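Colleague: Here you go, final_30.pdb (PDB, C-alpha atoms, pLDDT in the B column):
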ATOM      1  CA  MET Z   1      86.536 136.723  44.258  1.00 73.00           C
ATOM      2  CA  ILE Z   2      87.263 133.150  45.315  1.00 78.00           C
ATOM      3  CA  ILE Z   3      88.507 134.307  48.734  1.00 78.00           C
ATOM      4  CA  ARG Z   4      85.305 136.294  49.270  1.00 73.00           C
ATOM      5  CA  LEU Z   5      83.172 133.272  48.266  1.00 71.00           C
ATOM      6  CA  VAL Z   6      85.073 130.969  50.634  1.00 65.00           C
ATOM      7  CA  THR Z   7      84.789 133.538  53.428  1.00 74.00           C
ATOM      8  CA  ASN Z   8      81.025 133.856  52.859  1.00 66.00           C
ATOM      9  CA  LEU Z   9      80.635 130.073  52.903  1.00 69.00           C
ATOM     10  CA  ILE Z  10      82.569 129.802  56.175  1.00 70.00           C
ATOM     11  CA  VAL Z  11      80.522 132.584  57.765  1.00 65.00           C
ATOM     12  CA  PHE Z  12      77.292 130.941  56.555  1.00 63.00           C
ATOM     13  CA  ALA Z  13      78.383 127.566  57.961  1.00 64.00           C
ATOM     14  CA  LEU Z  14      79.283 129.123  61.333  1.00 65.00           C
ATOM     15  CA  VAL Z  15      75.985 131.027  61.574  1.00 64.00           C
ATOM     16  CA  THR Z  16      74.029 127.898  60.605  1.00 69.00           C
ATOM     17  CA  ALA Z  17      75.895 125.782  63.164  1.00 61.00           C
ATOM     18  CA  ALA Z  18      75.330 128.380  65.903  1.00 60.00           C
ATOM     19  CA  ALA Z  19      71.619 128.624  65.068  1.00 56.00           C
ATOM     20  CA  SER Z  20      71.292 124.817  65.084  1.00 54.00           C
ATOM     21  CA  MET Z  21      73.015 124.568  68.459  1.00 57.00           C
ATOM     22  CA  ALA Z  22      70.811 127.311  69.925  1.00 52.00           C
ATOM     23  CA  LEU Z  23      67.645 125.625  68.624  1.00 48.00           C
ATOM     24  CA  THR Z  24      68.749 122.241  69.971  1.00 47.00           C
ATOM     25  CA  TRP Z  25      69.516 123.768  73.388  1.00 47.00           C
ATOM     26  CA  TYR Z  26      66.100 125.465  73.458  1.00 46.00           C
ATOM     27  CA  MET Z  27      64.245 122.307  72.427  1.00 46.00           C
ATOM     28  CA  ALA Z  28      66.061 120.281  75.088  1.00 44.00           C
ATOM     29  CA  SER Z  29      65.401 122.912  77.765  1.00 50.00           C
ATOM     30  CA  ALA Z  30      61.904 124.194  77.062  1.00 51.00           C
ATOM     31  CA  GLY Z  31      60.529 121.516  74.759  1.00 53.00           C
ATOM     32  CA  SER Z  32      57.757 122.037  72.223  1.00 55.00           C
ATOM     33  CA  THR Z  33      54.177 120.944  71.597  1.00 56.00           C
ATOM     34  CA  LEU Z  34      55.622 117.730  70.157  1.00 60.00           C
ATOM     35  CA  THR Z  35      57.495 116.787  73.353  1.00 64.00           C
ATOM     36  CA  THR Z  36      55.659 118.508  76.212  1.00 71.00           C
ATOM     37  CA  GLU Z  37      52.179 119.351  77.432  1.00 81.00           C
ATOM     38  CA  ARG Z  38      51.232 122.571  79.186  1.00 86.00           C
ATOM     39  CA  PHE Z  39      48.480 122.907  81.782  1.00 90.00           C
ATOM     40  CA  GLY Z  40      48.370 126.578  82.748  1.00 91.00           C
ATOM     41  CA  PRO Z  41      51.742 127.275  84.397  1.00 95.00           C
ATOM     42  CA  TRP Z  42      52.629 123.571  84.613  1.00 95.00           C
ATOM     43  CA  VAL Z  43      54.705 121.775  81.948  1.00 90.00           C
ATOM     44  CA  THR Z  44      55.350 118.045  81.683  1.00 85.00           C
ATOM     45  CA  TRP Z  45      57.450 115.983  79.272  1.00 74.00           C
ATOM     46  CA  ASN Z  46      55.453 113.161  77.685  1.00 71.00           C
ATOM     47  CA  ALA Z  47      58.099 110.559  76.861  1.00 55.00           C
ATOM     48  CA  ILE Z  48      60.566 110.726  79.760  1.00 65.00           C
ATOM     49  CA  GLY Z  49      61.811 107.293  80.775  1.00 56.00           C
ATOM     50  CA  ARG Z  50      60.311 105.547  77.740  1.00 56.00           C
ATOM     51  CA  SER Z  51      62.315 103.492  75.279  1.00 55.00           C
ATOM     52  CA  ASP Z  52      60.760 105.399  72.355  1.00 60.00           C
ATOM     53  CA  ALA Z  53      61.680 108.841  73.754  1.00 53.00           C
ATOM     54  CA  ASP Z  54      62.585 111.396  71.092  1.00 59.00           C
ATOM     55  CA  PRO Z  55      66.127 112.875  70.938  1.00 56.00           C
ATOM     56  CA  TYR Z  56      65.051 116.169  72.532  1.00 52.00           C
ATOM     57  CA  THR Z  57      63.485 114.403  75.518  1.00 51.00           C
ATOM     58  CA  ARG Z  58      66.631 112.337  75.970  1.00 51.00           C
ATOM     59  CA  ALA Z  59      68.757 115.488  75.763  1.00 53.00           C
ATOM     60  CA  HIS Z  60      66.479 117.139  78.328  1.00 48.00           C
ATOM     61  CA  VAL Z  61      67.021 114.262  80.781  1.00 49.00           C
ATOM     62  CA  ILE Z  62      70.796 114.408  80.281  1.00 51.00           C
ATOM     63  CA  GLN Z  63      70.801 118.200  80.633  1.00 53.00           C
ATOM     64  CA  SER Z  64      68.742 118.135  83.838  1.00 53.00           C
ATOM     65  CA  GLY Z  65      70.880 115.404  85.393  1.00 50.00           C
ATOM     66  CA  THR Z  66      67.841 113.653  86.875  1.00 58.00           C
ATOM     67  CA  MET Z  67      66.992 109.962  86.956  1.00 53.00           C
ATOM     68  CA  PRO Z  68      64.240 109.427  84.397  1.00 60.00           C
ATOM     69  CA  LEU Z  69      61.076 107.775  85.688  1.00 61.00           C
ATOM     70  CA  SER Z  70      58.755 106.383  83.049  1.00 58.00           C
ATOM     71  CA  THR Z  71      55.564 108.398  82.595  1.00 59.00           C
ATOM     72  CA  SER Z  72      53.660 105.170  83.344  1.00 64.00           C
ATOM     73  CA  VAL Z  73      55.211 105.233  86.841  1.00 74.00           C
ATOM     74  CA  ALA Z  74      55.374 108.971  87.561  1.00 81.00           C
ATOM     75  CA  ARG Z  75      54.258 112.238  86.051  1.00 86.00           C
ATOM     76  CA  ILE Z  76      56.512 115.231  86.767  1.00 88.00           C
ATOM     77  CA  TYR Z  77      55.239 118.789  86.333  1.00 93.00           C
ATOM     78  CA  ARG Z  78      57.382 121.934  86.478  1.00 93.00           C
ATOM     79  CA  ALA Z  79      56.236 125.519  86.858  1.00 97.00           C
ATOM     80  CA  ASP Z  80      58.556 128.521  86.663  1.00 96.00           C
ATOM     81  CA  VAL Z  81      55.731 131.021  86.103  1.00 97.00           C
ATOM     82  CA  ASP Z  82      52.443 131.814  87.865  1.00 97.00           C
ATOM     83  CA  ASP Z  83      48.945 131.597  86.374  1.00 97.00           C
ATOM     84  CA  GLU Z  84      49.506 134.967  84.670  1.00 96.00           C
ATOM     85  CA  GLY Z  85      52.757 133.828  83.049  1.00 96.00           C
ATOM     86  CA  ARG Z  86      55.000 135.910  85.314  1.00 97.00           C
ATOM     87  CA  PRO Z  87      58.284 134.298  86.489  1.00 97.00           C
ATOM     88  CA  LEU Z  88      58.274 132.929  90.034  1.00 98.00           C
ATOM     89  CA  ILE Z  89      60.721 135.054  92.017  1.00 96.00           C
ATOM     90  CA  ALA Z  90      61.806 134.880  95.648  1.00 96.00           C
ATOM     91  CA  SER Z  91      60.780 138.460  96.423  1.00 95.00           C
ATOM     92  CA  CYS Z  92      57.100 137.708  95.713  1.00 97.00           C
ATOM     93  CA  ASP Z  93      54.540 135.699  97.711  1.00 97.00           C
ATOM     94  CA  TYR Z  94      52.434 133.037  95.987  1.00 98.00           C
ATOM     95  CA  ALA Z  95      49.332 131.038  96.894  1.00 98.00           C
ATOM     96  CA  ILE Z  96      49.373 127.508  95.480  1.00 98.00           C
ATOM     97  CA  LYS Z  97      45.869 126.067  95.754  1.00 97.00           C
ATOM     98  CA  GLY Z  98      44.291 122.787  94.759  1.00 95.00           C
ATOM     99  CA  SER Z  99      43.416 119.261  95.745  1.00 92.00           C
ATOM    100  CA  GLY Z 100      46.460 117.572  94.236  1.00 90.00           C
ATOM    101  CA  PRO Z 101      46.757 114.834  91.629  1.00 90.00           C
ATOM    102  CA  ASP Z 102      44.765 111.634  92.075  1.00 88.00           C
ATOM    103  CA  ALA Z 103      47.850 109.485  92.554  1.00 89.00           C
ATOM    104  CA  VAL Z 104      49.258 106.917  94.953  1.00 91.00           C
ATOM    105  CA  TRP Z 105      51.557 109.642  96.333  1.00 94.00           C
ATOM    106  CA  TRP Z 106      52.739 113.085  95.308  1.00 95.00           C
ATOM    107  CA  LEU Z 107      55.353 115.669  96.292  1.00 96.00           C
ATOM    108  CA  LEU Z 108      55.357 119.445  95.765  1.00 97.00           C
ATOM    109  CA  ALA Z 109      58.807 121.038  96.201  1.00 96.00           C
ATOM    110  CA  VAL Z 110      60.559 124.293  95.302  1.00 96.00           C
ATOM    111  CA  TYR Z 111      64.003 124.648  93.692  1.00 95.00           C
ATOM    112  CA  ASP Z 112      66.223 127.314  92.220  1.00 94.00           C
ATOM    113  CA  THR Z 113      66.860 127.343  88.468  1.00 91.00           C
ATOM    114  CA  THR Z 114      69.894 125.046  88.842  1.00 89.00           C
ATOM    115  CA  GLY Z 115      67.812 122.325  90.511  1.00 88.00           C
ATOM    116  CA  ARG Z 116      68.977 122.965  94.084  1.00 91.00           C
ATOM    117  CA  LEU Z 117      66.636 122.972  97.063  1.00 94.00           C
ATOM    118  CA  ILE Z 118      66.182 126.332  98.794  1.00 94.00           C
ATOM    119  CA  ASP Z 119      68.332 126.452 101.925  1.00 91.00           C
ATOM    120  CA  ASN Z 120      66.349 127.600 104.968  1.00 91.00           C
ATOM    121  CA  ARG Z 121      66.494 127.393 108.768  1.00 90.00           C
ATOM    122  CA  ALA Z 122      63.189 125.555 108.995  1.00 89.00           C
ATOM    123  CA  ALA Z 123      64.587 122.752 106.773  1.00 91.00           C
ATOM    124  CA  ARG Z 124      61.315 122.861 104.869  1.00 93.00           C
ATOM    125  CA  PHE Z 125      61.642 121.943 101.206  1.00 95.00           C
ATOM    126  CA  GLY Z 126      58.300 120.498 100.143  1.00 96.00           C
ATOM    127  CA  PHE Z 127      55.002 118.868 101.054  1.00 97.00           C
ATOM    128  CA  THR Z 128      53.697 115.411 100.236  1.00 97.00           C
ATOM    129  CA  SER Z 129      50.149 114.144  99.850  1.00 96.00           C
ATOM    130  CA  GLU Z 130      50.591 112.540 103.288  1.00 95.00           C
ATOM    131  CA  ASP Z 131      51.755 115.529 105.346  1.00 94.00           C
ATOM    132  CA  ILE Z 132      50.104 118.561 103.737  1.00 96.00           C
ATOM    133  CA  LEU Z 133      47.400 120.318 105.774  1.00 96.00           C
ATOM    134  CA  ARG Z 134      43.992 120.319 104.086  1.00 96.00           C
ATOM    135  CA  GLY Z 135      40.718 122.138 104.628  1.00 94.00           C
ATOM    136  CA  PRO Z 136      37.373 120.411 105.314  1.00 95.00           C
ATOM    137  CA  ASP Z 137      36.731 120.183 101.559  1.00 94.00           C
ATOM    138  CA  GLY Z 138      39.996 118.315 100.961  1.00 93.00           C
ATOM    139  CA  THR Z 139      41.786 121.202  99.270  1.00 96.00           C
ATOM    140  CA  PHE Z 140      45.043 122.782 100.389  1.00 97.00           C
ATOM    141  CA  GLN Z 141      46.855 126.099 100.118  1.00 97.00           C
ATOM    142  CA  VAL Z 142      50.639 126.345 100.144  1.00 98.00           C
ATOM    143  CA  THR Z 143      52.221 129.757 100.617  1.00 97.00           C
ATOM    144  CA  LEU Z 144      55.543 130.269  98.844  1.00 97.00           C
ATOM    145  CA  ALA Z 145      57.187 133.245 100.554  1.00 96.00           C
ATOM    146  CA  ARG Z 146      60.398 134.545 102.133  1.00 93.00           C
ATOM    147  CA  GLY Z 147      59.006 135.097 105.614  1.00 90.00           C
ATOM    148  CA  THR Z 148      57.407 132.558 107.925  1.00 91.00           C
ATOM    149  CA  ARG Z 149      53.715 131.868 107.333  1.00 92.00           C
ATOM    150  CA  ALA Z 150      51.167 129.763 109.195  1.00 92.00           C
ATOM    151  CA  GLY Z 151      50.059 126.479 107.684  1.00 93.00           C
ATOM    152  CA  ASN Z 152      51.665 125.060 104.568  1.00 97.00           C
ATOM    153  CA  TRP Z 153      54.599 127.423 104.090  1.00 97.00           C
ATOM    154  CA  LEU Z 154      57.465 126.901 101.632  1.00 96.00           C
ATOM    155  CA  PRO Z 155      60.414 129.286 102.062  1.00 96.00           C
ATOM    156  CA  SER Z 156      61.368 130.963  98.789  1.00 95.00           C
ATOM    157  CA  GLY Z 157      64.811 132.151  99.907  1.00 92.00           C
ATOM    158  CA  ARG Z 158      66.455 135.527  99.571  1.00 88.00           C
ATOM    159  CA  SER Z 159      66.577 136.179  95.831  1.00 90.00           C
ATOM    160  CA  GLY Z 160      66.413 134.640  92.382  1.00 93.00           C
ATOM    161  CA  GLN Z 161      63.927 132.770  90.244  1.00 96.00           C
ATOM    162  CA  ARG Z 162      62.145 129.708  91.595  1.00 97.00           C
ATOM    163  CA  VAL Z 163      60.799 126.493  90.069  1.00 96.00           C
ATOM    164  CA  LEU Z 164      57.977 124.421  91.537  1.00 97.00           C
ATOM    165  CA  VAL Z 165      58.086 120.686  90.829  1.00 95.00           C
ATOM    166  CA  LEU Z 166      55.082 118.430  91.387  1.00 95.00           C
ATOM    167  CA  THR Z 167      55.828 114.701  91.169  1.00 93.00           C
ATOM    168  CA  ALA Z 168      52.864 112.301  91.067  1.00 92.00           C
ATOM    169  CA  LEU Z 169      53.573 108.586  91.488  1.00 90.00           C
ATOM    170  CA  GLN Z 170      51.210 106.279  89.619  1.00 84.00           C
ATOM    171  CA  PRO Z 171      48.600 108.905  88.659  1.00 81.00           C
ATOM    172  CA  ARG Z 172      45.217 107.197  88.388  1.00 75.00           C
ATOM    173  CA  TYR Z 173      43.736 109.322  85.604  1.00 62.00           C
ATOM    174  CA  ARG Z 174      45.998 107.853  82.915  1.00 52.00           C
ATOM    175  CA  GLY Z 175      44.423 104.686  81.549  1.00 47.00           C
ATOM    176  CA  ALA Z 176      46.196 101.990  79.574  1.00 42.00           C
ATOM    177  CA  SER Z 177      44.922 103.482  76.314  1.00 45.00           C
ATOM    178  CA  GLU Z 178      45.916 107.018  77.384  1.00 49.00           C
ATOM    179  CA  ALA Z 179      42.984 108.595  75.544  1.00 50.00           C
ATOM    180  CA  ARG Z 180      44.389 112.063  75.845  1.00 54.00           C
ATOM    181  CA  GLU Z 181      41.368 114.349  75.499  1.00 55.00           C
ATOM    182  CA  ASN Z 182      39.490 112.960  78.503  1.00 59.00           C
ATOM    183  CA  ASP Z 183      42.679 112.373  80.491  1.00 70.00           C
ATOM    184  CA  ARG Z 184      43.899 115.865  79.709  1.00 72.00           C
ATOM    185  CA  ALA Z 185      40.784 117.537  81.146  1.00 76.00           C
ATOM    186  CA  VAL Z 186      41.019 115.491  84.351  1.00 77.00           C
ATOM    187  CA  GLU Z 187      44.763 116.097  84.582  1.00 81.00           C
ATOM    188  CA  ALA Z 188      44.369 119.871  84.188  1.00 82.00           C
ATOM    189  CA  ALA Z 189      41.657 120.034  86.866  1.00 85.00           C
ATOM    190  CA  GLN Z 190      43.906 118.309  89.410  1.00 88.00           C
ATOM    191  CA  LEU Z 191      46.899 120.636  89.090  1.00 94.00           C
ATOM    192  CA  PRO Z 192      47.060 123.496  91.606  1.00 96.00           C
ATOM    193  CA  SER Z 193      46.756 127.151  90.669  1.00 97.00           C
ATOM    194  CA  ILE Z 194      49.669 129.520  91.337  1.00 98.00           C
ATOM    195  CA  THR Z 195      48.595 133.069  92.197  1.00 97.00           C
ATOM    196  CA  GLN Z 196      50.911 135.959  92.990  1.00 97.00           C
ATOM    197  CA  GLN Z 197      49.911 137.655  96.247  1.00 95.00           C
ATOM    198  CA  GLY Z 198      52.327 140.587  96.203  1.00 91.00           C
ATOM    199  CA  CYS Z 199      55.993 141.476  95.920  1.00 91.00           C
ATOM    200  CA  ARG Z 200      58.546 143.327  98.067  1.00 81.00           C
TER
END
Can you give me the file's structure in the form of structure tokens?

Modeller:
Amino acid sequence: MIIRLVTNLIVFALVTAAASMALTWYMASAGSTLTTERFGPWVTWNAIGRSDADPYTRAHVIQSGTMPLSTSVARIYRADVDDEGRPLIASCDYAIKGSGPDAVWWLLAVYDTTGRLIDNRAARFGFTSEDILRGPDGTFQVTLARGTRAGNWLPSGRSGQRVLVLTALQPRYRGASEARENDRAVEAAQLPSITQQGCR
């Protein structure tokens, strides 16, 4: 009887520990409504680089291995799905359309799920607000695809899932008070759409 009780307690402790570790890993990887904001396919962490960052945000920075920039200096958005919520994969073509964030400077780049740039012969890894080609109305379209495309083309590589990262330095829509409702609407309107064009 005692052996069975001790065994049950050990099993319970192991299951609880495993569940806690899995939840912590998920919260540090994907975040939650308490630590991140979602704008369509784009997700951003609210407290990165701040002294009052919560434990999950700090764990996310450590896990990603990136240098944290304060959200007052830069806003970093990640998208691993399209506007329909489907994972971004190398075998599909995508149209990324918009005008870009109202910021001093921004960069749109594509990575694999481990954070590596996509190796390609064209040595093309991203576009900045300074070198991207725009239409007469000031908007742009970037094509994420395996094969060469005219205009703003980002190679997606041979296979695997892809992650788009949009980094905006000193975004102008975030005031000192950071009144989120108004800022949020402006922020959402400035982020590009991601539309799947077809798959092979």

Colleague: Evaluate the PyMOL selection byres ((chain Z and resi 157-173) around 8) on the structure here and hand back the selected residues as a PyMOL selection string.

Modeller: chain Z and resi 72-81+87-91+101-113+118-120+145-146+155-156+174-175+183+186-187

Colleague: Mind dumping the selected residues with C-alpha atoms as an mmCIF file, in the coordinates of the input?

Modeller:
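The resulting out-v1.cif:
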data_model
loop_
_atom_site.group_PDB
_atom_site.id
_atom_site.type_symbol
_atom_site.label_atom_id
_atom_site.label_comp_id
_atom_site.auth_asym_id
_atom_site.auth_seq_id
_atom_site.Cartn_x
_atom_site.Cartn_y
_atom_site.Cartn_z
ATOM 1 C CA SER Z 72 53.660 105.170 83.344
ATOM 2 C CA VAL Z 73 55.211 105.233 86.841
ATOM 3 C CA ALA Z 74 55.374 108.971 87.561
ATOM 4 C CA ARG Z 75 54.258 112.238 86.051
ATOM 5 C CA ILE Z 76 56.512 115.231 86.767
ATOM 6 C CA TYR Z 77 55.239 118.789 86.333
ATOM 7 C CA ARG Z 78 57.382 121.934 86.478
ATOM 8 C CA ALA Z 79 56.236 125.519 86.858
ATOM 9 C CA ASP Z 80 58.556 128.521 86.663
ATOM 10 C CA VAL Z 81 55.731 131.021 86.103
ATOM 11 C CA PRO Z 87 58.284 134.298 86.489
ATOM 12 C CA LEU Z 88 58.274 132.929 90.034
ATOM 13 C CA ILE Z 89 60.721 135.054 92.017
ATOM 14 C CA ALA Z 90 61.806 134.880 95.648
ATOM 15 C CA SER Z 91 60.780 138.460 96.423
ATOM 16 C CA PRO Z 101 46.757 114.834 91.629
ATOM 17 C CA ASP Z 102 44.765 111.634 92.075
ATOM 18 C CA ALA Z 103 47.850 109.485 92.554
ATOM 19 C CA VAL Z 104 49.258 106.917 94.953
ATOM 20 C CA TRP Z 105 51.557 109.642 96.333
ATOM 21 C CA TRP Z 106 52.739 113.085 95.308
ATOM 22 C CA LEU Z 107 55.353 115.669 96.292
ATOM 23 C CA LEU Z 108 55.357 119.445 95.765
ATOM 24 C CA ALA Z 109 58.807 121.038 96.201
ATOM 25 C CA VAL Z 110 60.559 124.293 95.302
ATOM 26 C CA TYR Z 111 64.003 124.648 93.692
ATOM 27 C CA ASP Z 112 66.223 127.314 92.220
ATOM 28 C CA THR Z 113 66.860 127.343 88.468
ATOM 29 C CA ILE Z 118 66.182 126.332 98.794
ATOM 30 C CA ASP Z 119 68.332 126.452 101.925
ATOM 31 C CA ASN Z 120 66.349 127.600 104.968
ATOM 32 C CA ALA Z 145 57.187 133.245 100.554
ATOM 33 C CA ARG Z 146 60.398 134.545 102.133
ATOM 34 C CA PRO Z 155 60.414 129.286 102.062
ATOM 35 C CA SER Z 156 61.368 130.963 98.789
ATOM 36 C CA ARG Z 174 45.998 107.853 82.915
ATOM 37 C CA GLY Z 175 44.423 104.686 81.549
ATOM 38 C CA ASP Z 183 42.679 112.373 80.491
ATOM 39 C CA VAL Z 186 41.019 115.491 84.351
ATOM 40 C CA GLU Z 187 44.763 116.097 84.582
#

Colleague: Starting from the shown file, work through the PyMOL selection byres ((chain Z and resi 40) around 9) and note down what comes out as a ChimeraX atom specification.

Modeller: /Z:38-39,41-43,79,82-85,188,191,193

Colleague: So what do you get for atom CA of Z:Ala122 versus atom CA of Z:Asp93, distance-wise?

Modeller: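 Taking atom CA of Z:Ala122 as the start and atom CA of Z:Asp93 as the end point, the length is 17.5 Å.
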
Colleague: As an exercise, work out the distance from atom CA of Z:Ala150 to atom CA of Z:Leu133 in Å and give it to one decimal place.

Modeller: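 It comes out at 10.7 Å.
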
Colleague: Distance atom CA of Z:Phe125-atom CA of Z:Gly198, one decimal place?

Modeller: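 Straight-line distance from atom CA of Z:Phe125 to atom CA of Z:Gly198 works out to 21.4 Å.
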
Colleague: Evaluate the PyMOL selection byres ((chain Z and resi 152) around 8) on the structure here and hand back the selected residues as a PDB file with C-alpha atoms, in the coordinates of the input.

Modeller:
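Wrote expr_11.pdb, looks like this:
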ATOM      1  CA  PHE Z 127      55.002 118.868 101.054  1.00 97.00           C
ATOM      2  CA  ILE Z 132      50.104 118.561 103.737  1.00 96.00           C
ATOM      3  CA  LEU Z 133      47.400 120.318 105.774  1.00 96.00           C
ATOM      4  CA  GLN Z 141      46.855 126.099 100.118  1.00 97.00           C
ATOM      5  CA  VAL Z 142      50.639 126.345 100.144  1.00 98.00           C
ATOM      6  CA  THR Z 143      52.221 129.757 100.617  1.00 97.00           C
ATOM      7  CA  ARG Z 149      53.715 131.868 107.333  1.00 92.00           C
ATOM      8  CA  ALA Z 150      51.167 129.763 109.195  1.00 92.00           C
ATOM      9  CA  GLY Z 151      50.059 126.479 107.684  1.00 93.00           C
ATOM     10  CA  TRP Z 153      54.599 127.423 104.090  1.00 97.00           C
ATOM     11  CA  LEU Z 154      57.465 126.901 101.632  1.00 96.00           C
TER      12      LEU Z 154
END

Colleague: Could all heavy atoms be built for stretch 148-155 of chain Z and written out as a PDB file, in the frame of the given file?

Modeller:
ATOM      1  N   THR Z 148      58.196 133.639 107.337  1.00 91.00           N
ATOM      2  CA  THR Z 148      57.407 132.558 107.925  1.00 91.00           C
ATOM      3  C   THR Z 148      55.915 132.829 107.787  1.00 91.00           C
ATOM      4  O   THR Z 148      55.444 133.943 107.991  1.00 91.00           O
ATOM      5  CB  THR Z 148      57.751 132.409 109.420  1.00 91.00           C
ATOM      6  OG1 THR Z 148      59.165 132.266 109.556  1.00 91.00           O
ATOM      7  CG2 THR Z 148      57.063 131.202 110.017  1.00 91.00           C
ATOM      8  N   ARG Z 149      55.165 131.795 107.430  1.00 92.00           N
ATOM      9  CA  ARG Z 149      53.715 131.868 107.333  1.00 92.00           C
ATOM     10  C   ARG Z 149      53.105 130.688 108.088  1.00 92.00           C
ATOM     11  O   ARG Z 149      53.735 129.645 108.245  1.00 92.00           O
ATOM     12  CB  ARG Z 149      53.248 131.795 105.870  1.00 92.00           C
ATOM     13  CG  ARG Z 149      53.754 132.911 104.988  1.00 92.00           C
ATOM     14  CD  ARG Z 149      53.104 134.244 105.334  1.00 92.00           C
ATOM     15  NE  ARG Z 149      53.400 135.258 104.350  1.00 92.00           N
ATOM     16  CZ  ARG Z 149      54.496 135.998 104.324  1.00 92.00           C
ATOM     17  NH1 ARG Z 149      55.420 135.825 105.265  1.00 92.00           N
ATOM     18  NH2 ARG Z 149      54.683 136.913 103.396  1.00 92.00           N
ATOM     19  N   ALA Z 150      51.869 130.864 108.537  1.00 92.00           N
ATOM     20  CA  ALA Z 150      51.167 129.763 109.195  1.00 92.00           C
ATOM     21  C   ALA Z 150      50.728 128.749 108.142  1.00 92.00           C
ATOM     22  O   ALA Z 150      50.571 129.068 106.970  1.00 92.00           O
ATOM     23  CB  ALA Z 150      49.945 130.308 109.943  1.00 92.00           C
ATOM     24  N   GLY Z 151      50.549 127.526 108.582  1.00 93.00           N
ATOM     25  CA  GLY Z 151      50.059 126.479 107.684  1.00 93.00           C
ATOM     26  C   GLY Z 151      51.136 125.939 106.772  1.00 93.00           C
ATOM     27  O   GLY Z 151      52.301 125.802 107.160  1.00 93.00           O
ATOM     28  N   ASN Z 152      50.750 125.633 105.547  1.00 97.00           N
ATOM     29  CA  ASN Z 152      51.665 125.060 104.568  1.00 97.00           C
ATOM     30  C   ASN Z 152      52.540 126.162 103.966  1.00 97.00           C
ATOM     31  O   ASN Z 152      52.153 126.801 102.992  1.00 97.00           O
ATOM     32  CB  ASN Z 152      50.875 124.362 103.448  1.00 97.00           C
ATOM     33  CG  ASN Z 152      49.981 123.266 103.973  1.00 97.00           C
ATOM     34  OD1 ASN Z 152      50.398 122.427 104.751  1.00 97.00           O
ATOM     35  ND2 ASN Z 152      48.719 123.287 103.565  1.00 97.00           N
ATOM     36  N   TRP Z 153      53.692 126.367 104.552  1.00 97.00           N
ATOM     37  CA  TRP Z 153      54.599 127.423 104.090  1.00 97.00           C
ATOM     38  C   TRP Z 153      55.858 126.817 103.484  1.00 97.00           C
ATOM     39  O   TRP Z 153      56.498 125.962 104.087  1.00 97.00           O
ATOM     40  CB  TRP Z 153      54.986 128.338 105.255  1.00 97.00           C
ATOM     41  CG  TRP Z 153      56.141 129.254 104.972  1.00 97.00           C
ATOM     42  CD1 TRP Z 153      56.244 130.180 103.977  1.00 97.00           C
ATOM     43  CD2 TRP Z 153      57.381 129.308 105.687  1.00 97.00           C
ATOM     44  NE1 TRP Z 153      57.468 130.821 104.028  1.00 97.00           N
ATOM     45  CE2 TRP Z 153      58.183 130.298 105.076  1.00 97.00           C
ATOM     46  CE3 TRP Z 153      57.889 128.617 106.800  1.00 97.00           C
ATOM     47  CZ2 TRP Z 153      59.460 130.611 105.533  1.00 97.00           C
ATOM     48  CZ3 TRP Z 153      59.159 128.931 107.248  1.00 97.00           C
ATOM     49  CH2 TRP Z 153      59.932 129.925 106.620  1.00 97.00           C
ATOM     50  N   LEU Z 154      56.205 127.270 102.277  1.00 96.00           N
ATOM     51  CA  LEU Z 154      57.465 126.901 101.632  1.00 96.00           C
ATOM     52  C   LEU Z 154      58.341 128.141 101.537  1.00 96.00           C
ATOM     53  O   LEU Z 154      57.940 129.137 100.922  1.00 96.00           O
ATOM     54  CB  LEU Z 154      57.221 126.353 100.219  1.00 96.00           C
ATOM     55  CG  LEU Z 154      56.873 124.884 100.084  1.00 96.00           C
ATOM     56  CD1 LEU Z 154      56.655 124.532  98.619  1.00 96.00           C
ATOM     57  CD2 LEU Z 154      57.947 124.007 100.682  1.00 96.00           C
ATOM     58  N   PRO Z 155      59.519 128.130 102.158  1.00 96.00           N
ATOM     59  CA  PRO Z 155      60.414 129.286 102.062  1.00 96.00           C
ATOM     60  C   PRO Z 155      60.944 129.460 100.638  1.00 96.00           C
ATOM     61  O   PRO Z 155      61.362 128.489 100.001  1.00 96.00           O
ATOM     62  CB  PRO Z 155      61.550 128.930 103.026  1.00 96.00           C
ATOM     63  CG  PRO Z 155      61.012 127.833 103.894  1.00 96.00           C
ATOM     64  CD  PRO Z 155      60.032 127.092 103.051  1.00 96.00           C
TER      65      PRO Z 155
END
